[in-house]
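Here is the structure we will look at.
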Amino acid sequence: MINIVIEGPEHAGKSHLIALIGKHLREQGLNVNIQSEYTHNAAVMELNTTELVEHLTEKKIIITGLRTFS
């Protein structure tokens, strides 16, 4: 299992980034569970890719990889 955690301050664009990543991974045929998809992110999940990207254009996104030990 791979866990993706999106963090940032309020109104940083987290929901839009979650929706964009989720849509892309699903389009590739991957099994993705977005925990907040049917709750507070439902409206954002309905946006198309162009709308999601437009919202994130001016945001700085930092991606960090962490290894966990099981």
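Just remember, in the structure tokens the first chain shown is A, the second B, etc., residues are 1-based per chain, and ligands are 1-based in the order shown.
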request  = Skip Ala19 (chain A) itself and residues of its chain fewer than 4 positions away, then list as a PyMOL selection string all residues within 9 Å of it, counting only C-alpha atoms.
outcome  = chain A and resi 14-15+23-24+34+37+41+44-47+49+52
query = Which residues, written as a VMD selection string, have at least one atom at most 12 Å from Leu66 (chain A), with only C-alpha atoms counted and residues fewer than 3 positions away on the same chain left out?
reply = chain A and resid 2 to 5 63 69
inquiry  = Using only C-alpha atoms, can you tell me which of A:His16, A:Leu56, A:Ile61, A:Asn48 comes closest to Ser36 (chain A)?
reply    = A:His16
request  = Give the helix (DSSP H, G or I) residues of region 5-48 of chain A, as DSSP finds them on the backbone, and put them as an NGL selection string.
outcome  = :A and (14-27 or 42-45)
message = Can you measure CA of His55 (chain A) to CA of Leu17 (chain A) for me? One decimal in Å is fine.
response = 9.1 Å
